[in-house]
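J.: This is the structure I have questions about; it appears just below.
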Amino acid sequence: MLNASDTAPAATVASAEVDTLRFATAGSVDDGKSTLVGRLLHDSKSVLSDQLDAVELASRNRGWSVPDLALLTDGLRAEREQGITIDVAYRYFATPRRRFILADTPGHVQYTRNMVTGASTADLAVILADAQSGIVDQTRRHAAIAALLRVPHLVLAVNKMDLADYDHPRFKEVAAEFTAYAAGLGLPEITAIPVCALLGDNVVTPSAAMNWYHGPTLLEHLETVPVTHETAAAPPRFPVQYVIRHAGIRHYAGQLVSGRLCVEDAVTVMPSGRTTTITSLDVLGHHVTTAHTPQSLSLRLADDIDVARGDLIVSASSPPPLAQEFTADVCHLADKPLRPGDRVLLKHTTRTVLALVADLHNTAQLGANDLASVTLRTAQPIAVDPYANNRRTGSFLLIDPADGATLTAGMARPPA
């Protein structure tokens with residue numbers, strides 16, 4: 001039985017230097033993902049007492065003798081009624097060692113697009129597998145999406161170990177099958193952890209029932225996995241969001257999405273290709289000599305050249321490719337199908353251009369949740385990095401020009 005003292009909020013993170021880990025969870029229906037997330041939040045003391053009271057009341061009304069921790073994350077009425085996750089639920093919590101942003105994504109195949117949304121900005125993905133069922137098609141699909149989105153770290157949580165009698169050989173069998181499959185997708189790092197979310201084994205506290213396991217618990221791994229924010233080390237990319245005119249001087253405002261910029265840096269404005277230097281940088285109203293990702297800033301340039309919203313200011317020594325036709329991997333998000341010949345709007349950073357779906361590879365059309373590769377032709381040149389090099393400037397959305405609805409999420413491939 002849980003009590004209020006068990007759910008006291010965790011200690012506030014003491015230092016501003018503590019970093020943040022963004023991670024996403026995914027699992028097939030009935031693999032116990034919502035219970036795992038609820039257990040993680042509860043045992044890390046990230047649940048307020050009134051939230052637990054509401055969960056206990058709902059559980060009693062269903063005839064449960066113990067709180068159903070899955071109710072902590074299944075917030076929609078339809079989710080609670082069906083016992084599945086439908087929408088992406090974001091949770092924010094912290095321990096003394098790290099802050100976390102958790103994207104709890106649906107596992108059902110018809111909500112694959114929601115996993116793409118939740119995992120697109122994740123540093124780590126936790127994929128669940130049932131210890132009895134093992135690796136199923138949806139597990140492989142989740143691994144493929146993690147690979148497509150280039151999520152740097154992957155955890156396989158082999159759940160419901162209690163139903164497999166906490167059997168070590170069974171855990172090794174499931175972990176080996178998944179690791180072999182994920183390695184074939186090019187996923188760089190896979191950590192397998194045996195857990196029982198229902199009883200809390202190896203979620204926050206080590207399991208007494210699995211003394212053969214000597215690795216970290218799930219929370220220990222989340223707290224200690226090294227996070228390298230690749231955008232900080234990537235070449236500078238500054239999409240111009242707004243042009244400010246003050247006293248006859250133009251300043252260009254926006255967010256630095258990768259790299260860093262310094263005063264006197266040589267930069268190129270894309271797509272015009274004009275090169276100049278930075279004469280000043282301002283962050284939060286203060287002059288600085290260097291700006292870092294992901295700061296919002298304004299800058300001035302030495303030359304009076306044409307710069308507008310949607311232009312991309314980049315390092316003169318490492319500009320992105322400029323193209324009007326490129327190939328990309330996509331996940332279709334809308335119920336309206338996407339077909340070759342469709343005219344769409346392509347939104348890339350702060351720039352939106354007309355585009356044509358020139359070719360869909362190996363399929364006649366895309367329906368909701370479908371994954372495929374596509375060739376796009378734009379009305380104007382755009383500077384798009386390969387997604388493998390830069391997740392921010394290598395991604396884009398396709399939009400229906402008729403009603404503004406989002407159709408497709410895309411990740412640009414390297415030029416052929």
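Identifiers in the structure tokens: chain A, B, ... in order shown; residue index from 1 per chain; ligand index from 1 in order shown.
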Report as JSON lines: every residue of stretch 42-69 of chain A with an atom at most 12 Å from stretch 207-219 of chain A, its closest pair of atoms, and their distance in Å to one decimal, counting only C-alpha atoms, with rows sorted by chain and ascending residue number.
T.:
```
{"residue": "A:His42", "atom": "CA", "partner": "A:Leu219", "partner_atom": "CA", "distance": 11.7}
{"residue": "A:Asp43", "atom": "CA", "partner": "A:Leu219", "partner_atom": "CA", "distance": 9.6}
{"residue": "A:Ser44", "atom": "CA", "partner": "A:Leu219", "partner_atom": "CA", "distance": 8.1}
{"residue": "A:Lys45", "atom": "CA", "partner": "A:Leu219", "partner_atom": "CA", "distance": 11.9}
```
J.: Those residues with N, CA and C atoms, as an mmCIF file, in the first residue's frame please?
T.:
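Below is the file part21.cif, written as the result:
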```cif
data_model
loop_
_atom_site.group_PDB
_atom_site.id
_atom_site.type_symbol
_atom_site.label_atom_id
_atom_site.label_comp_id
_atom_site.auth_asym_id
_atom_site.auth_seq_id
_atom_site.Cartn_x
_atom_site.Cartn_y
_atom_site.Cartn_z
ATOM 1 N N HIS A 42 6.401 7.502 -9.384
ATOM 2 C CA HIS A 42 6.072 7.299 -7.978
ATOM 3 C C HIS A 42 7.305 7.007 -7.133
ATOM 4 N N ASP A 43 8.100 6.054 -7.564
ATOM 5 C CA ASP A 43 9.237 5.633 -6.740
ATOM 6 C C ASP A 43 10.359 6.667 -6.720
ATOM 7 N N SER A 44 10.387 7.567 -7.703
ATOM 8 C CA SER A 44 11.368 8.659 -7.664
ATOM 9 C C SER A 44 10.799 9.862 -6.918
ATOM 10 N N LYS A 45 9.638 9.671 -6.298
ATOM 11 C CA LYS A 45 8.964 10.700 -5.489
ATOM 12 C C LYS A 45 8.644 11.936 -6.317
#
```
J.: Considering only C-alpha atoms, return as a list in words whatever protein or nucleic-acid residues lie within 8 Å of A:Glu223, sequence-local ones (same chain, fewer than 3 positions apart) excluded.
T.: Arg97, Arg98, Leu219 and Glu220 of chain A
J.: With only C-alpha atoms as the counted atoms, please give the residues lying no more than 9 Å from A:Ala197, apart from itself and same-chain residues fewer than 5 positions off, as a ChimeraX atom specification.
T.: /A:32-33,35-40,159-161,202-203
J.: Could you pull out all residues of stretch 132-333 of chain A with a DSSP call of strand (DSSP E or B) and give them as a PyMOL selection string?
T.: chain A and resi 134+153-159+190-194+196+201+205+237-239+242-246+249-255+258+260-262+266-270+274-283+286-288+290-292+296-301+312-315+322-332
J.: So which residues of stretch 167-335 of chain A fall under alpha helix (DSSP H) by DSSP, listed as a PyMOL selection string?
T.: chain A and resi 168-184+218-224+230-233
J.: Go through A:Phe238, A:Tyr181, A:Phe93, A:Phe171 and flag the residue nearest A:Ser315, using only C-alpha atoms for the distances.
T.: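 Between A:Phe238, A:Tyr181, A:Phe93, A:Phe171, the residue approaching A:Ser315 most closely is A:Phe238.
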J.: Could you check the closest approach to A:Arg351 for each of A:Ile244, A:Leu48, A:Leu333, A:Leu397 and tell me which residue wins, using only C-alpha atoms?
T.: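 Closest to A:Arg351 of all the choices is A:Leu397.
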J.: Which residue, A:His287, A:Lys172, A:Arg99, A:Arg62, has the smallest gap to A:Ala131 when you use only C-alpha atoms?
T.: A:Lys172
J.: Write out as a VMD selection string each polymer residue whose atoms come within 7 Å of A:Ile399, counting only C-alpha atoms; drop sequence neighbours fewer than 6 positions from it.
T.: chain A and resid 344 to 346 405 to 407
J.: Those residues you just picked out, can you put them in a file as a PDB file, in the first residue's frame with N, CA and C atoms?
T.:
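Below is the file out_6.pdb, written as the result:
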```pdb
ATOM      1  N   VAL A 344       2.419  20.744 -52.024  1.00  0.00           N
ATOM      2  CA  VAL A 344       2.348  20.964 -50.583  1.00  0.00           C
ATOM      3  C   VAL A 344       3.184  22.189 -50.225  1.00  0.00           C
ATOM      4  N   LEU A 345       3.094  22.587 -48.968  1.00  0.00           N
ATOM      5  CA  LEU A 345       4.020  23.570 -48.418  1.00  0.00           C
ATOM      6  C   LEU A 345       5.056  22.817 -47.599  1.00  0.00           C
ATOM      7  N   LEU A 346       6.302  23.208 -47.731  1.00  0.00           N
ATOM      8  CA  LEU A 346       7.381  22.586 -46.961  1.00  0.00           C
ATOM      9  C   LEU A 346       7.898  23.624 -45.967  1.00  0.00           C
ATOM     10  N   ALA A 405      -3.138  22.185 -42.526  1.00  0.00           N
ATOM     11  CA  ALA A 405      -2.956  21.009 -41.671  1.00  0.00           C
ATOM     12  C   ALA A 405      -1.596  20.370 -41.929  1.00  0.00           C
ATOM     13  N   THR A 406      -0.978  19.874 -40.846  1.00  0.00           N
ATOM     14  CA  THR A 406       0.286  19.165 -40.983  1.00  0.00           C
ATOM     15  C   THR A 406       0.042  17.790 -41.594  1.00  0.00           C
ATOM     16  N   LEU A 407       0.808  17.473 -42.637  1.00  0.00           N
ATOM     17  CA  LEU A 407       0.623  16.206 -43.326  1.00  0.00           C
ATOM     18  C   LEU A 407       1.684  15.171 -42.951  1.00  0.00           C
TER      19      LEU A 407
END
```
J.: What gap, in Å, lies between atom CA of A:Ile382 and atom CA of A:Ala328?
T.: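 Atom CA of A:Ile382 sits 13.8 Å away from atom CA of A:Ala328.
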J.: Using only C-alpha atoms, which of the listed residues (A:Val227, A:Ala129, A:Met270, A:Leu322) sits closest to A:Ser28?
T.: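 Looking only at the distances to A:Ser28, the closest residue turns out to be A:Ala129.
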J.: Could you check which of A:Arg140, A:His221, A:His153, A:Arg413 is closest to A:Asp329, using only C-alpha atoms?
T.: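 Looking only at the distances to A:Asp329, the closest residue turns out to be A:Arg413.
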J.: For A:Val29, which residue among A:Asp162, A:Glu189, A:Asp130, A:Asp370 is the nearest when counting only C-alpha atoms?
T.: A:Asp130
J.: What does the distance from atom CA of A:Ser34 to atom CA of A:Leu72 come to in Å, to one decimal?
T.: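 Answer for the atom CA of A:Ser34 to atom CA of A:Leu72 separation: 7.9 Å.
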